[in-house]
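Engineer: Input: one structure, supplied below.
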Amino acid sequence: MSRLVECVPNFSEGNNQEVIEAISQAVVRTPGCVLLDVDAGPSTNRTVYTFVGRPEDVVDGALNAARAAFRLIDMRRHKGEHPRMGALDVCPFIPVRGVSMEECVLCAQAFGQRLAEELGVPVYLYGEAAQTASRRTLPAIRAGEYEALPEKLKQAEWAPDFGPSSFVPSWGATATGARKFLIAFNINLLSTKEQAHRIALNLREQGRGPDQPGRLKKVQGIGWYLDEKNLAQVSTNLLDFEVTALHTVYEETCREAKELSLPVVGSQLVGLVPLQAILDAATFYCEKENLFVLEEEQRIRLVVNRLGLDSLSPFNPKERIIEYLVPDHGPEQSLVDKPLCAFVREVGARSAAPGGGSVAAASAAMGASLACMAGLMTYGRRQFEHLDATMRRLIPPFHAAAAQLTALVDRDARAFEACLEAMKLPRSTPEERDRRSAAVQEGLRQAVAVPLALAETVASLWPALQKLALCVNLACRSDLQVAAKALETGMFGAYFNVLINLRDITDDKFKDQPPAGSQDPGGTGAGPPGGAAGVTAGGTSWILHPQRAQLALQDRMASGTVFLRSRQWAWG
């Protein structure tokens with residue numbers, strides 16, 4: 001898995017296209033950096049760039065962009081709606097994949113030090129990289145903005161973390177740090193700037209001050225007016241969308257606007273957004289309006305409509321959702337993205353991966369999809385109208401499981417390839433042997449974790465499959481029978497893949513830990529065991545007792561097929 005850091009530098013220029021393009025090219029020409037988005041705002045006179053790469057590469061990319069800005073931006077002439085204190089106002093580093101927050105802190109420190117040394121400008125560390133609590137939030141550092149810097153830099157408590165304490169008129173100062181993914185989300189109002197700002201004060205966590213905090217945690221906010229759009233905005237930063245969601249900010253803004261008799265006319269996302277933030281909003285509106293929308297593409301379309309994300313400019317999910325721009329499998333094509341004939345050929349090739357684990361995951365994914373299809377062939381038809389509520393409840397688990405199991409096709413192949421790579425490591429010295437052994441053991445743990453996840457997912461589907469079989473459209477009876485057998489095949493493959501990899505793991509504690517979702521000893525657990533032959537006192541130790549596990553596996557499989565036979569009288 002590639003190691004990716006996201007860098008989102010904000011430069012104080014949103015109108016001069018030559019400057020905006022020159023900074024873009026500085027990033028693009030940096031080896032290892034991929035520029036994902038450039039979002040320029042004329043009224044804010046600010047451009048937000050988003051690019052990704054390995055930690056060392058994004059630091060170089062940010063420095064190259066800063067060098068271009070140093071030549072082309074003069075803060076003495078800058079005016080704009082957005083708070084700012086420097087030509088490169090802020091430069092955060094965000095972990096995307098395979099990178100810890102601590103490593104992003106190191107990126108910020110390296111960037112800040114090199115920027116200060118090379119350009120001779122003041123640099124502050126904020127967020128997770130802050131050296132003191134008073135500098136943790138960006139608004140605290142930026143208080144007074146560019147205009148206050150000459151006096152602020154004279155104060156000992158505001159001495160920069162890197163660079164001189166002297167004022168650089170053409171540049172100002174820069175803040176750099178590490179943080180979680182931030183969502184810049186603006187709600188459009190047909191109002192004055194002052195009315196928008198009043199709403200922002202009521203909502204943002206800071207509120208109007210310590211004695212009058214706002215309602216929404218982890219939200220920053222300000223009101224401004226966009227001359228080029230002839231409307232005002234409540235401009236917010238969601239510092240943690242898992243604490244306060246997109247739809248929460250939108251709905252609360254609508255409530256505040258209604259109290260002031262102000263119309264809300266859509267919203268705007270600046271830069272990129274995580275897929276989960278959009279899907280969370282889809283779940284909210286589906287529950288609120290009792291909607292039944294399964295497909296990811298349609299759920300995204302629902303959110304774009306409900307939030308009015310395309311009110312100011314087209315919202316293209318392929319260009320605005322970060323997971324679509326930075327796929328998990330990296331530049332190479334994933335197994336599941338290949339045509340079926342190519343996947344089959346690759347399975348049959350003279351290579352160990354993809355192998356039985358990937359095929360088991362693909363089989364189980366097909367089984368879940370077939371069950372989903374059988375449900376959808378029942379839902380929405382006039383003769384089965386009385387079953388609509390039941391289908392709305394039974395179909396989603398299969399739809400979700402199909403996506404989860406599909407992802408395991410590639411995960412299993414990657415886990416096995418990691419094992420093979422670890423086995424190739426040198427072992428000439430004691431240190432090399434220790435490193436190789438640790439890498440092999442970690443690879444084996446992953447090779448066990450993937451089929452266990454498969455087994456847990458399939459095991460969770462049997463109750464829903466049984467209920468589905470009792471009321472599904474009988475025209476789909478053969479499809480549901482194939483679904484059950486395909487799910488059994490996936491479970492069977494999971495059992496043998498866990499068995500073959502677990503025997504080489506030397507960590508007894510790992511072997512004995514209960515799988516996720518398992519119950520107390522003797523209860524039903526994740527993976528093949530079921531009923532009284534379920535999870536033993538040893539957690540995964542059922543794998544170490546092949547005869548017991550085989551019987552338990554057969555019992556679990558039977559629970560998935562016996563009920564199908566129970567409808568033989570109806571199916572003929």
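A note on labels: chains of the structure tokens are A, B, ... as shown, every chain counts residues from 1, and ligands are counted from 1 in their shown order.
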Need the shell around range 1-10 of chain A: protein/DNA/RNA residues with any atom at most 8 Å away, counting only C-alpha atoms. Skip same-chain ones fewer than 5 positions apart. Format as a list of chain:residue names?
Structural biologist: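 Contacts, in chain order: A:Arg46, A:Thr47, A:Val48, A:Tyr49, A:Thr50, A:Phe51, A:Val52, A:Gly53, A:Arg54, A:Pro55, A:Val58, A:Ala62, A:Leu88, A:Asp89, A:Val90, A:Cys91, A:Pro92, A:Phe93, A:Ile94, A:Pro95, A:Val96, A:Arg97, A:Gly98, A:Val99, A:Cys104, A:Asp328, A:His329, A:Gly330.
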Engineer: Identify, with DSSP run on backbone atoms, the residues in range 65-211 of chain A assigned to alpha helix (DSSP H), and express the list as a ChimeraX atom specification.
Structural biologist: /A:65-72,101-119,138-142,145-152,193-203
Engineer: Keeping only C-alpha atoms, write the selected residues as an mmCIF file, in the first residue's frame.
Structural biologist:
data_model
loop_
_atom_site.group_PDB
_atom_site.id
_atom_site.type_symbol
_atom_site.label_atom_id
_atom_site.label_comp_id
_atom_site.auth_asym_id
_atom_site.auth_seq_id
_atom_site.Cartn_x
_atom_site.Cartn_y
_atom_site.Cartn_z
ATOM 1 C CA ALA A 65 4.923 26.312 -4.602
ATOM 2 C CA ALA A 66 6.116 28.709 -1.878
ATOM 3 C CA ARG A 67 9.140 29.706 -3.971
ATOM 4 C CA ALA A 68 6.821 30.629 -6.855
ATOM 5 C CA ALA A 69 4.544 32.608 -4.539
ATOM 6 C CA PHE A 70 7.531 34.457 -3.054
ATOM 7 C CA ARG A 71 8.352 35.784 -6.517
ATOM 8 C CA LEU A 72 4.823 36.610 -7.584
ATOM 9 C CA MET A 101 -0.356 11.936 12.270
ATOM 10 C CA GLU A 102 3.101 11.966 13.854
ATOM 11 C CA GLU A 103 4.682 11.647 10.416
ATOM 12 C CA CYS A 104 2.613 14.589 9.189
ATOM 13 C CA VAL A 105 3.877 16.614 12.157
ATOM 14 C CA LEU A 106 7.408 15.834 10.967
ATOM 15 C CA CYS A 107 6.409 17.018 7.475
ATOM 16 C CA ALA A 108 5.194 20.326 8.895
ATOM 17 C CA GLN A 109 8.351 20.782 10.953
ATOM 18 C CA ALA A 110 10.621 20.010 8.000
ATOM 19 C CA PHE A 111 8.656 22.309 5.702
ATOM 20 C CA GLY A 112 8.530 25.154 8.225
ATOM 21 C CA GLN A 113 12.240 25.016 8.934
ATOM 22 C CA ARG A 114 13.262 24.856 5.270
ATOM 23 C CA LEU A 115 10.818 27.621 4.289
ATOM 24 C CA ALA A 116 12.130 29.941 7.014
ATOM 25 C CA GLU A 117 15.779 29.234 6.225
ATOM 26 C CA GLU A 118 15.465 29.614 2.469
ATOM 27 C CA LEU A 119 13.070 32.579 2.197
ATOM 28 C CA LEU A 138 -5.310 28.778 13.314
ATOM 29 C CA PRO A 139 -7.628 31.695 14.248
ATOM 30 C CA ALA A 140 -5.529 32.318 17.375
ATOM 31 C CA ILE A 141 -2.326 32.576 15.344
ATOM 32 C CA ARG A 142 -3.976 34.637 12.607
ATOM 33 C CA GLU A 145 -4.219 39.221 10.305
ATOM 34 C CA TYR A 146 -1.458 40.619 8.101
ATOM 35 C CA GLU A 147 -1.988 44.191 9.259
ATOM 36 C CA ALA A 148 -1.216 43.329 12.908
ATOM 37 C CA LEU A 149 2.025 41.447 12.187
ATOM 38 C CA PRO A 150 4.503 44.360 12.536
ATOM 39 C CA GLU A 151 3.551 44.831 16.206
ATOM 40 C CA LYS A 152 2.700 41.211 16.901
ATOM 41 C CA LYS A 193 -22.758 40.072 4.971
ATOM 42 C CA GLU A 194 -23.756 41.104 8.493
ATOM 43 C CA GLN A 195 -26.722 38.712 8.595
ATOM 44 C CA ALA A 196 -24.548 35.827 7.383
ATOM 45 C CA HIS A 197 -21.935 36.626 10.009
ATOM 46 C CA ARG A 198 -24.604 36.726 12.738
ATOM 47 C CA ILE A 199 -25.573 33.159 11.822
ATOM 48 C CA ALA A 200 -21.917 32.095 11.752
ATOM 49 C CA LEU A 201 -21.412 33.478 15.258
ATOM 50 C CA ASN A 202 -24.382 31.500 16.548
ATOM 51 C CA LEU A 203 -23.133 28.254 15.029
#
Engineer: Determine the nearest neighbour of Ser460 in chain A from the options A:Thr176, A:Gly32, A:His82, A:Pro397, counting only C-alpha atoms.
Structural biologist: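 Ranking A:Thr176, A:Gly32, A:His82, A:Pro397 by distance to Ser460 in chain A, first place goes to A:Pro397.
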Engineer: At a cut-off of 7 Å, using only C-alpha atoms, what residues contact range 448-456 of chain A? Leave out same-chain residues fewer than 3 positions from it and give the result as an MDAnalysis selection string.
Structural biologist: chainID A and resid 357 361 405 408 411:412 444:445 459:460 491 494 497:498 501:502 526:528
Engineer: Export, as a JSON list (two decimals), in the first residue's frame, the selected residues with N, CA and C atoms.
Structural biologist:
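As a result, result-v6.json now contains:
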[["chain", "number", "residue", "atom", "x", "y", "z"],
["A", 357, "GLY", "N", -8.11, -17.23, -1.81],
["A", 357, "GLY", "CA", -8.71, -16.20, -0.96],
["A", 357, "GLY", "C", -9.48, -15.17, -1.76],
["A", 361, "ALA", "N", -13.57, -14.56, -1.86],
["A", 361, "ALA", "CA", -14.20, -13.25, -1.65],
["A", 361, "ALA", "C", -15.09, -12.88, -2.82],
["A", 405, "LEU", "N", -17.31, -7.32, 0.59],
["A", 405, "LEU", "CA", -16.69, -8.56, 0.12],
["A", 405, "LEU", "C", -15.92, -8.33, -1.17],
["A", 408, "LEU", "N", -12.50, -7.18, -0.47],
["A", 408, "LEU", "CA", -11.61, -8.22, 0.04],
["A", 408, "LEU", "C", -10.90, -8.99, -1.07],
["A", 411, "ARG", "N", -7.76, -7.05, -1.30],
["A", 411, "ARG", "CA", -7.07, -7.08, -0.01],
["A", 411, "ARG", "C", -6.39, -8.43, 0.23],
["A", 412, "ASP", "N", -7.07, -9.50, -0.17],
["A", 412, "ASP", "CA", -6.47, -10.83, 0.03],
["A", 412, "ASP", "C", -5.22, -10.99, -0.82],
["A", 444, "LEU", "N", 1.55, -12.63, 7.76],
["A", 444, "LEU", "CA", 0.66, -13.75, 8.06],
["A", 444, "LEU", "C", -0.57, -13.29, 8.84],
["A", 445, "ARG", "N", -0.37, -12.34, 9.75],
["A", 445, "ARG", "CA", -1.52, -11.83, 10.50],
["A", 445, "ARG", "C", -2.54, -11.18, 9.55],
["A", 459, "ALA", "N", -21.26, -14.64, 7.74],
["A", 459, "ALA", "CA", -22.02, -15.17, 8.86],
["A", 459, "ALA", "C", -23.16, -14.24, 9.27],
["A", 460, "SER", "N", -22.95, -12.94, 9.11],
["A", 460, "SER", "CA", -23.98, -11.97, 9.50],
["A", 460, "SER", "C", -25.17, -11.98, 8.55],
["A", 491, "MET", "N", -17.42, -18.80, 2.55],
["A", 491, "MET", "CA", -17.15, -19.21, 3.92],
["A", 491, "MET", "C", -16.17, -20.38, 3.96],
["A", 494, "ALA", "N", -12.75, -19.14, 3.23],
["A", 494, "ALA", "CA", -12.22, -18.40, 4.38],
["A", 494, "ALA", "C", -11.66, -19.34, 5.42],
["A", 497, "ASN", "N", -8.30, -20.78, 4.26],
["A", 497, "ASN", "CA", -7.25, -19.76, 4.19],
["A", 497, "ASN", "C", -6.77, -19.36, 5.57],
["A", 498, "VAL", "N", -7.69, -19.26, 6.52],
["A", 498, "VAL", "CA", -7.27, -19.00, 7.90],
["A", 498, "VAL", "C", -6.43, -20.15, 8.41],
["A", 501, "ASN", "N", -2.75, -20.30, 7.02],
["A", 501, "ASN", "CA", -1.86, -19.21, 7.43],
["A", 501, "ASN", "C", -1.65, -19.17, 8.93],
["A", 502, "LEU", "N", -2.66, -19.57, 9.69],
["A", 502, "LEU", "CA", -2.55, -19.49, 11.14],
["A", 502, "LEU", "C", -1.51, -20.46, 11.70],
["A", 526, "ALA", "N", -17.98, -15.04, 14.95],
["A", 526, "ALA", "CA", -17.66, -14.72, 13.58],
["A", 526, "ALA", "C", -16.90, -15.87, 12.97],
["A", 527, "GLY", "N", -17.04, -16.02, 11.69],
["A", 527, "GLY", "CA", -16.35, -17.12, 11.02],
["A", 527, "GLY", "C", -17.23, -18.35, 10.99],
["A", 528, "PRO", "N", -16.68, -19.49, 10.57],
["A", 528, "PRO", "CA", -17.48, -20.68, 10.38],
["A", 528, "PRO", "C", -18.25, -21.18, 11.57]]
Engineer: Just want the 7 Å neighbourhood of Ala483 in chain A, counted on only C-alpha atoms, with same-chain residues fewer than 4 positions away dropped. Output as a list in words.
Structural biologist: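 The filter keeps Gly367, Ala368, Leu370, Ala371, Asp479 and Leu487 of chain A.
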Engineer: With only C-alpha atoms as the counted atoms, please give the residues lying no more than 8 Å from range 240-251 of chain A, apart from itself and same-chain residues fewer than 3 positions off, as a compact mmCIF listing (two decimals) with N, CA, C and O atoms, in the first residue's frame.
Structural biologist:
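So the final result, stored in out-v6.txt, reads:
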# COMPACT_ATOMS: atom_id res chain seq x y z
N LYS A 180 -6.40 16.60 10.94
CA LYS A 180 -7.31 15.70 10.24
C LYS A 180 -7.85 16.39 9.00
O LYS A 180 -7.64 17.58 8.79
N PHE A 181 -8.61 15.63 8.23
CA PHE A 181 -9.21 16.19 7.03
C PHE A 181 -10.19 17.29 7.41
O PHE A 181 -11.10 17.09 8.23
N LEU A 182 -10.02 18.47 6.85
CA LEU A 182 -10.90 19.61 7.08
C LEU A 182 -11.81 19.79 5.86
O LEU A 182 -11.35 19.70 4.73
N ILE A 183 -13.08 20.05 6.12
CA ILE A 183 -14.02 20.31 5.02
C ILE A 183 -14.40 21.79 5.05
O ILE A 183 -14.93 22.29 6.05
N PHE A 185 -16.87 24.35 3.88
CA PHE A 185 -18.26 24.23 3.45
C PHE A 185 -18.95 25.57 3.65
O PHE A 185 -19.03 26.09 4.77
N ILE A 187 -22.45 27.98 2.99
CA ILE A 187 -23.88 27.95 2.71
C ILE A 187 -24.29 29.31 2.17
O ILE A 187 -23.99 30.36 2.76
N LEU A 216 -22.17 24.41 17.52
CA LEU A 216 -21.60 23.29 16.78
C LEU A 216 -20.13 23.07 17.12
O LEU A 216 -19.28 23.95 16.90
N LYS A 217 -19.82 21.91 17.65
CA LYS A 217 -18.46 21.57 18.03
C LYS A 217 -17.60 21.34 16.78
O LYS A 217 -18.09 20.84 15.77
N LYS A 218 -16.34 21.67 16.90
CA LYS A 218 -15.35 21.46 15.83
C LYS A 218 -15.75 22.17 14.53
O LYS A 218 -15.51 21.67 13.43
N VAL A 219 -16.37 23.34 14.68
CA VAL A 219 -16.76 24.14 13.51
C VAL A 219 -16.25 25.56 13.70
O VAL A 219 -16.45 26.17 14.74
N CYS A 254 -29.96 26.59 7.91
CA CYS A 254 -31.31 26.80 7.40
C CYS A 254 -32.25 27.23 8.52
O CYS A 254 -33.11 28.11 8.34
N ARG A 255 -32.10 26.62 9.69
CA ARG A 255 -32.95 26.97 10.83
C ARG A 255 -32.72 28.42 11.27
O ARG A 255 -33.67 29.17 11.52
N ALA A 277 -18.24 11.60 4.35
CA ALA A 277 -19.00 12.79 4.74
C ALA A 277 -20.25 12.93 3.88
O ALA A 277 -21.33 13.31 4.38
N ILE A 278 -20.14 12.62 2.60
CA ILE A 278 -21.29 12.68 1.69
C ILE A 278 -22.27 11.56 2.01
O ILE A 278 -23.49 11.77 2.05
N ASP A 280 -22.70 10.00 4.83
CA ASP A 280 -23.36 10.28 6.10
C ASP A 280 -24.56 11.21 5.88
O ASP A 280 -25.63 11.02 6.49
N ALA A 281 -24.36 12.20 5.02
CA ALA A 281 -25.47 13.12 4.71
C ALA A 281 -26.58 12.38 3.98
O ALA A 281 -27.78 12.62 4.23
N PHE A 284 -28.63 10.53 6.46
CA PHE A 284 -29.49 11.46 7.20
C PHE A 284 -30.76 11.77 6.41
O PHE A 284 -31.88 11.68 6.95
N LEU A 307 -28.34 19.52 -0.54
CA LEU A 307 -27.47 20.60 -0.06
C LEU A 307 -27.28 21.70 -1.09
O LEU A 307 -26.72 22.74 -0.77
Engineer: Distance CA of Pro263 in chain A-CA of Leu190 in chain A, one decimal place?
Structural biologist: 5.8 Å
Engineer: Excluding same-chain residues fewer than 3 positions from Val265 in chain A, what lies within 12 Å of it counting only C-alpha atoms, as a PyMOL selection string?
Structural biologist: chain A and resi 186-191+229-234+250+253-254+257+262+268+305-312
Engineer: For a quick check of understanding, using only C-alpha atoms, which of A:Leu260, A:Ala484, A:Ala447, A:Leu279 has the smallest distance to Ala364 in chain A?
Structural biologist: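 Nearest candidate to Ala364 in chain A out of A:Leu260, A:Ala484, A:Ala447, A:Leu279: A:Ala484.
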Engineer: Grab the CA of Leu470 in chain A to CA of Glu289 in chain A distance for me, in Å with one decimal place.
Structural biologist: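 About the pair CA of Leu470 in chain A and CA of Glu289 in chain A: they are 28.5 Å apart.
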Engineer: Counting only C-alpha atoms, which residue out of A:Arg381, A:Arg77, A:Lys338, A:Arg204 sits closest to Val472 in chain A?
Structural biologist: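 Going through A:Arg381, A:Arg77, A:Lys338, A:Arg204 one by one, the smallest distance to Val472 in chain A is for A:Arg381.
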Engineer: I'd like to know which of A:Asp410, A:Glu442, A:Asp508, A:Glu259 is closest to Ala422 in chain A, using only C-alpha atoms.
Structural biologist: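 The answer is A:Glu442, which sits nearest to Ala422 in chain A.
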